[in-house]
Amino acid sequence: MIHSLFLINSSGDIFLEKHWKSVVSRSVCDYFFEAQERATEAENVPPVIPTPHHYLLSVYRHKIFFVAVVQTEVPPLFVIEFLHRVVDTFQDYFGVCSEPVIKDNVVVVYEVLEEMLDNGFPLATESNILKELIKPPTILRTVVNTITGSTNVGDQLPTGQLSVVPWRRTGVKYTNNEAYFDVIEEIDAIIDKSGSTITAEIQGVIDACVKLTGMPDLTLSFMNPRLLDDVSFHPCVRFKRWESERILSFIPPDGNFRLLSYHVSAQNLVAIPVYVKHSISFRDSSSLGRFEITVGPKQTMGKTIEGVTVTSQMPKGVLNMSLTPSQGTHTFDPVTKVGD
Amino acid sequence: MSAAPAYSDDKGGSAGPGEPEYGHDPASGGIFSSDYKRHDDLKEMLDTNKDSLKLEAMKRIVAMIARGKNASDLFPAVVKNVACKNIEVKKLVYVYLVRYAEEQQDLALLSISTFQRGLKDPNQLIRASALRVLSSIRVPIIVPIMMLAIKEAASDMSPYVRKTAAHAIPKLYSLDSDQKDQLIEVIEKLLADKTTLVAGSVVMAFEEVCPERIDLIHKNYRKLCNLLIDVEEWGQVVIISMLTRYARTQFLSPTQNESLLEENPEKAFYGSEEDEAKGPGSEEATATALPARKPYVMDPDHRLLLRNTKPLLQSRSAAVVMAVAQLYFHLAPKAEVGVIAKALVRLLRSHSRGAQVPLTPPLHSEVQYVVLQNVATMSIKRRGMFEPYLKSFYIRSTDPTQIKILKLEVLTNLANETNIPTVLREFQTYIRSMDKDFVAATIQAIGRCATNIGRVRDTCLNGLVQLLSNRDELVVAESVVVIKKLLQMQPAQHGEIIKHLAKLTDNIQVPMARASILWLIGEYCEHVPRIAPDVLRKMAKSFTAEEDIVKLQVINLAAKLYLTNSKQTKLLTQYVLSLAKYDQNYDIRDRARFTRQLIVPSEQGGALSRHAKKLFLAPKPAPVLESSFKDRDHFQLGSLSHLLNAKATGYQELPDWPEEAPDPSVRNVEVPEWTKCSNREKRKEKEKPFYSDSEGESGPTESADSDPGSESESDSKSSSESGSGESSSESDNEDQEEDEEKGRSSESEQSEEEGKKKMKKRKKVSEGQGEGSSSDEGSDSSSSSSESEMTSETEEEQVEPASWRKRTPPSSKSAPAAKEISLLDLEDFTPPSVQPVSPPMVVSTSLATDLEGLTLTDSSLVPSLLSPVLGVGRQELLHRVAGEGLAVDYTFSRQPFSGDPHMVSVHIHFSNSSDTPIKGLHVGTPKLPAGISIQEFPEIESLAPGESATAIMGINFCDSTQAANFQLCTQTRQFYVSIQPPVGELMAPVFMSENEFKKEQGKLTGMNEITEKLTLPDTCRSDHVVVQKVTATANLGRVPCGTSDEYRFAGRTLTSGSLVLLTLDAQPTGAAQLTVNSEKMVIGTMLVKDVVQALTQ
């Protein structure tokens, strides 16, 4: 399965390498650099690059390329999904996943990677379990460790690993029992020239932060579950119960996790809370033009719309812009040609 | 250099924990001597007996390894610490060892004894990590030690250690492939393991070591299918992909008689749906349904796989969803593949995004990229599947180019007569994009649409011609190339376009486009006789400056013109050929020489030149524009090979379906023993072996791991197995357990009742041993054995579940008190009132049930007036012999069920023919397929010998004919029974007028209408008989009708309330036509079948 992992920053330095089988020379990354050069932008680097003896699968997140080396047939999504999981884990451990942070915590990173894969096959990827095996670094713990000589590494097998709820650690205790749920919805819409919606779909997630003592068994019911067109669950959700009753019933992991993500497809009519209109005009005989965007509320059912941001990608030919907003602030980055 | 101060600090002995320092590689940029010295220092630190110093040193060493710096010279110093007490130091030493052992094999041997000791450690984590490291150091000398360790660990008590053993197998195999045979033995043993933890890893090992030994899977197939949902995500992917291959070798293709099915789509549809609805054991049903020909019958195991993987489409992991999607694509019958489309479309958009910044999500184009590649392949074969999601493939301006191009590919594949206008309109917008590659791809796509869909060819062509005046040269060039291909299909009427193109030669510089234009002019020079020589003249002028590809076409054009119009072009041609003769490119020189010989008649030759015209101006077939994904589906979808369209190392070919199905019995774990019982029971029996699981060959199960209390369990288990014929029912129970989703709630219930059951079990087992002949009798021992599994599982959770037990109230206990009341209601047949309906099932649903009760009165009163037939014949639920004196029959009473209008009410008749009273009859924890729910009847306290009793229970079949399986429990025994409703019982009559009927019928046409012709036998031509037969078959109400030979019936399905309208148009001659209109097509088709059967018999 996964042979090695290389972390490459945007300037092309390999700043971390980890091998789960015999060592693969880092020169294998040259193929990757070649492909990177060919692709003009980072996101255009093909996720799978075949080389004579290996295959390089990469994801690009937080301005870091995570390049996995595999030697044999493996479902590409398996590797990609795993790499994303690695990034999520780092984020979970250190708050952010960036080159300096990874360099600062290189030992923890290494220990975590060691636990996540065995011989290239995922071993422990649940954040709750990993955190029991290798405790995330905190200032307090660092101080305590220095004084008492205890370590960041757990010496007992995480109980969750063996139970039927592998995602939850046991013996959780809180004085304030609390659970928070964020419902985040994004609407992807394509609006045509005349301002009418061509397609719009909602992608929503329910993120939870559960801090409850013991082994809580929670249920969450919806007013109108039929709206949720297509859902995917955290493994903790009992699927059958949802099928039959449309109720989410689950024993949550401890801490932050994504309970559910759902999709309201383009077939259902999705009401967009704002309208967008634009007009572009070029002045004859000069290289200047005028580009107007009007954004306004629509069908908000009495709710106010907050934090509206308009981002516009300008074509490469645009040299500069002078922006005059009717409200709020604005920026324009001449390098990426992105106007905010 | 910057690391230098940090180093001197460290030397001072302070184990300063400032993490950043570790990050700096001490060796970075140092000149050799200082590098060397530094390592000296590390050695010193490792040699001290202070753990903190050692830890510090190890951290720095690991940091070096992470940066790819060589730290191998520290090997001896590090290896000494392998036995260090500090667990973190130890772990880091392991990391180091695994990295460098290969290079320093001799020294690495020093550490082996420590691991061997570690393998015996009481702490399972230490045992596991010792094995992990031992197997990871790639030193060939220790192969025998590794082998021994793996074998030992494979029978370890801890599933975690066994999992590690499974991981170690491929490691050893890659080190020494001679060990294969021994390793296969271990794999075989571990495959029999029943923990979800091990399953994924061992299948992984299987795939790496012996993917060809498909025979090892047979016995474990059903178990793997059933465990699948609880295995962790990574394991799921591996198992699913292995099972796909397995299924391809073991089952028949579900699409093999597709041609047959197409003749009669209605029935075909019915057949497959039926299969799905009933799941296993539908063999007989399907066989009777299609008696005319030898039908395709899906192997129940095949169905099991499809059914158990389907929920995984909801997984959060894209890899799992993709794995299931490819499984369905490769294995499912045509009618069912559609379910994967929705999930795949979801993947296009969603992926785990950083939880911290949810509002500005980076799109993960990697997942999109892979998914789209697969969708592109699928959409060629099964276009209909993705058609409803067309808009999801619309391109966003923010998509990376590679994604845009893939989406375009999919859009093109999906385009058909109906949606082409919208697709083309989209394409028009795309052409304005800034992304040139994408625009070029769009133009290509338009060309493909034009070739595939004749109707829009002219529109496309016009559009492309308009593009020729685009400002962007690339766009123009691409259009020219595409136009060329399109024109080839219908050249005659497009002289104008060719002229237009000819004009472009002055401006277009892109070689490919120029070449295309020249070719077109040459090919169709007779359409543009005046322009062609002029173009040649211009090209001759600029010949030397052209690209090779253009030059070749100039030669071509010259040759063709020479043949058709030699008067005007003779000199030009010779000029061009002379130029080409001295070209730098040998290809062009060759071509020129060849052409000259061919067209210019010479003295000696001439044989060929006579045919030159035929050679050059032969009609050429139009090119077929097709997708580059066309032939990719011979690779297993979702695989790396598919993505690259080339065979990757280690790729396992997806075998073709076998002609003849291999023996399905190889998957039977124990051969069940049949007894003669009623037909119904036989069927039930038949499905049992299908689930039957390897209770016998369990190998190391958790029970070994659990506390001593479980030993008695396993005792009882083994004794129960000694009885014969038990395995079948035993498996039934197990199936239900595993079917039960994650089964957690039920587990807790079971654990709650465990104490009670343990007591019972002792008794039961002794009973069971006494009479080993009847088939159902094994059910009790089954409960014990499966329970022992249960117990052991619970024991593992024991740390936590104390709280669970209290929390989840067992439904079986809370129910009886409540049901007492509802039973009374039903016995009296009073119109049901709302109050007595008390929470029937789980607490959380109580509100819903209450509310549903409110609507009850209106819907329940009407039908009883309308349905002339009350109840259909009794059916047997439990035979007297099988039930040890307890005989149970059931009828569908067709009374509205008081508790829930969606439920079918079933009258259950008990009679006790034994000589002892039967006590405490009640329904045990039902394990039901999705959507089906049961309202149990209240417990019958006691049934004296010879006495009978009747109880009413409600079953919500969720508008499907799936059987409701549940347990009938007495105080001493449990019986597994199942009720399967005829389709006619899933509905209730409604009253409507003829006009209303016609109006509703008008709404349900097309797909929702099913018609069947039949001939009524003489016996049932009278009104009365017809009405009676129809109403006996289906619980429908008659609708008054004006004409005499037309009968109309109407009803609504119980769960969803969809209308079911039945019309019978009978001619006096006996010919008749039966029409059923219903939204529920499955129900419609089945109903037609049933009614036809009833009428023609």
# chains A, B, ... in the order shown; residues from 1 in each chain; ligands from 1
call {"tool": "interface_residues", "arguments": {"of": "chain A", "to": "chain B", "cutoff": "7 Å", "atoms": "only C-alpha atoms", "output": "ChimeraX atom specification"}}
result
/A:15-18,43-44,47,59,72-78,81,88,103-107,118-119,122,142,149,151,153,155-157,163,170,199,215,231-234,238-240,243-244,263,266,315
call {"tool": "residues_around", "arguments": {"residues": "A:Leu5", "least_positions_apart": "3", "cutoff": "10 Å", "atoms": "only C-alpha atoms", "output": "list of chain:residue names"}}
result
A:Ile2, A:Ile8, A:Leu16, A:Glu17, A:Lys18, A:His19, A:Trp20, A:Val24, A:Arg26, A:Leu56, A:Leu57, A:Ser58, A:Phe66, A:Val67, A:Ala68, A:Val69, A:Val70, A:Leu83, A:Leu113, A:Gly120
call {"tool": "closest_residue", "arguments": {"among": "A:Thr51, A:Gln91, A:Ser326, A:Ser287", "to": "A:Glu34", "atoms": "only C-alpha atoms"}}
result
A:Thr51
call {"tool": "select_by_dssp", "arguments": {"residues": "stretch 164-339 of chain A", "states": "strand (DSSP E or B)", "output": "number ranges by chain"}}
result
A: 178-191, 197-211, 218-221, 230-233, 237, 247-250, 255-264, 274-282, 289-297, 312-313, 332-333, 338-339
call {"tool": "closest_residue", "arguments": {"among": "B:Trp519, B:Phe892, B:Phe393, B:Tyr1047", "to": "B:Ala559", "atoms": "only C-alpha atoms"}}
result
B:Trp519
call {"tool": "select_by_dssp", "arguments": {"residues": "stretch 37-214 of chain A", "states": "helix (DSSP H, G or I)", "output": "NGL selection string"}}
result
:A and (37-38 or 42-44 or 76-94 or 99-104 or 106-116 or 127-133 or 139-148 or 159-162)
call {"tool": "atom_distance", "arguments": {"atom1": "atom CA of B:Cys1020", "atom2": "atom CA of B:Arg874"}}
result
23.4 Å
call {"tool": "residues_around", "arguments": {"residues": "stretch 500-504 of chain B", "least_positions_apart": "4", "cutoff": "9 Å", "atoms": "only C-alpha atoms", "output": "PyMOL selection string"}}
result
chain B and resi 465+468+480+495-496+508+514+517-518+520-521+531-532+535
call {"tool": "residues_around", "arguments": {"residues": "stretch 274-280 of chain A", "least_positions_apart": "3", "cutoff": "10 Å", "atoms": "only C-alpha atoms", "output": "mmCIF file with C-alpha atoms, in the first residue's frame"}}
result
data_model
loop_
_atom_site.group_PDB
_atom_site.id
_atom_site.type_symbol
_atom_site.label_atom_id
_atom_site.label_comp_id
_atom_site.auth_asym_id
_atom_site.auth_seq_id
_atom_site.Cartn_x
_atom_site.Cartn_y
_atom_site.Cartn_z
ATOM 1 C CA ILE A 191 -25.961 32.340 -12.300
ATOM 2 C CA ASP A 192 -26.119 33.199 -15.932
ATOM 3 C CA LYS A 193 -25.655 36.489 -17.692
ATOM 4 C CA SER A 194 -29.181 37.631 -17.120
ATOM 5 C CA GLY A 195 -29.037 36.878 -13.417
ATOM 6 C CA SER A 196 -31.185 33.791 -13.404
ATOM 7 C CA THR A 197 -30.013 30.713 -11.607
ATOM 8 C CA ALA A 271 -33.568 29.452 -2.849
ATOM 9 C CA GLY A 289 -13.664 49.116 -18.597
ATOM 10 C CA ARG A 290 -16.290 49.150 -15.951
ATOM 11 C CA PHE A 291 -17.461 46.139 -14.082
ATOM 12 C CA GLU A 292 -20.379 46.419 -11.729
ATOM 13 C CA ILE A 293 -21.654 43.816 -9.348
ATOM 14 C CA THR A 294 -24.814 44.334 -7.380
ATOM 15 C CA VAL A 295 -25.570 42.011 -4.530
ATOM 16 C CA GLY A 296 -28.731 42.255 -2.551
ATOM 17 C CA PRO A 297 -30.904 40.192 -0.236
ATOM 18 C CA LYS A 298 -33.645 38.005 -1.539
ATOM 19 C CA GLN A 299 -36.089 35.640 0.133
ATOM 20 C CA THR A 300 -34.499 35.848 3.508
ATOM 21 C CA ILE A 305 -27.737 38.501 5.865
ATOM 22 C CA VAL A 308 -21.309 39.214 2.652
ATOM 23 C CA VAL A 310 -17.711 39.144 -2.964
#
call {"tool": "atom_distance", "arguments": {"atom1": "atom CA of B:Lys567", "atom2": "atom CA of B:Asp534"}}
result
13.3 Å
call {"tool": "atom_distance", "arguments": {"atom1": "atom CA of B:Ile588", "atom2": "atom CA of B:Ser516"}}
result
17.0 Å
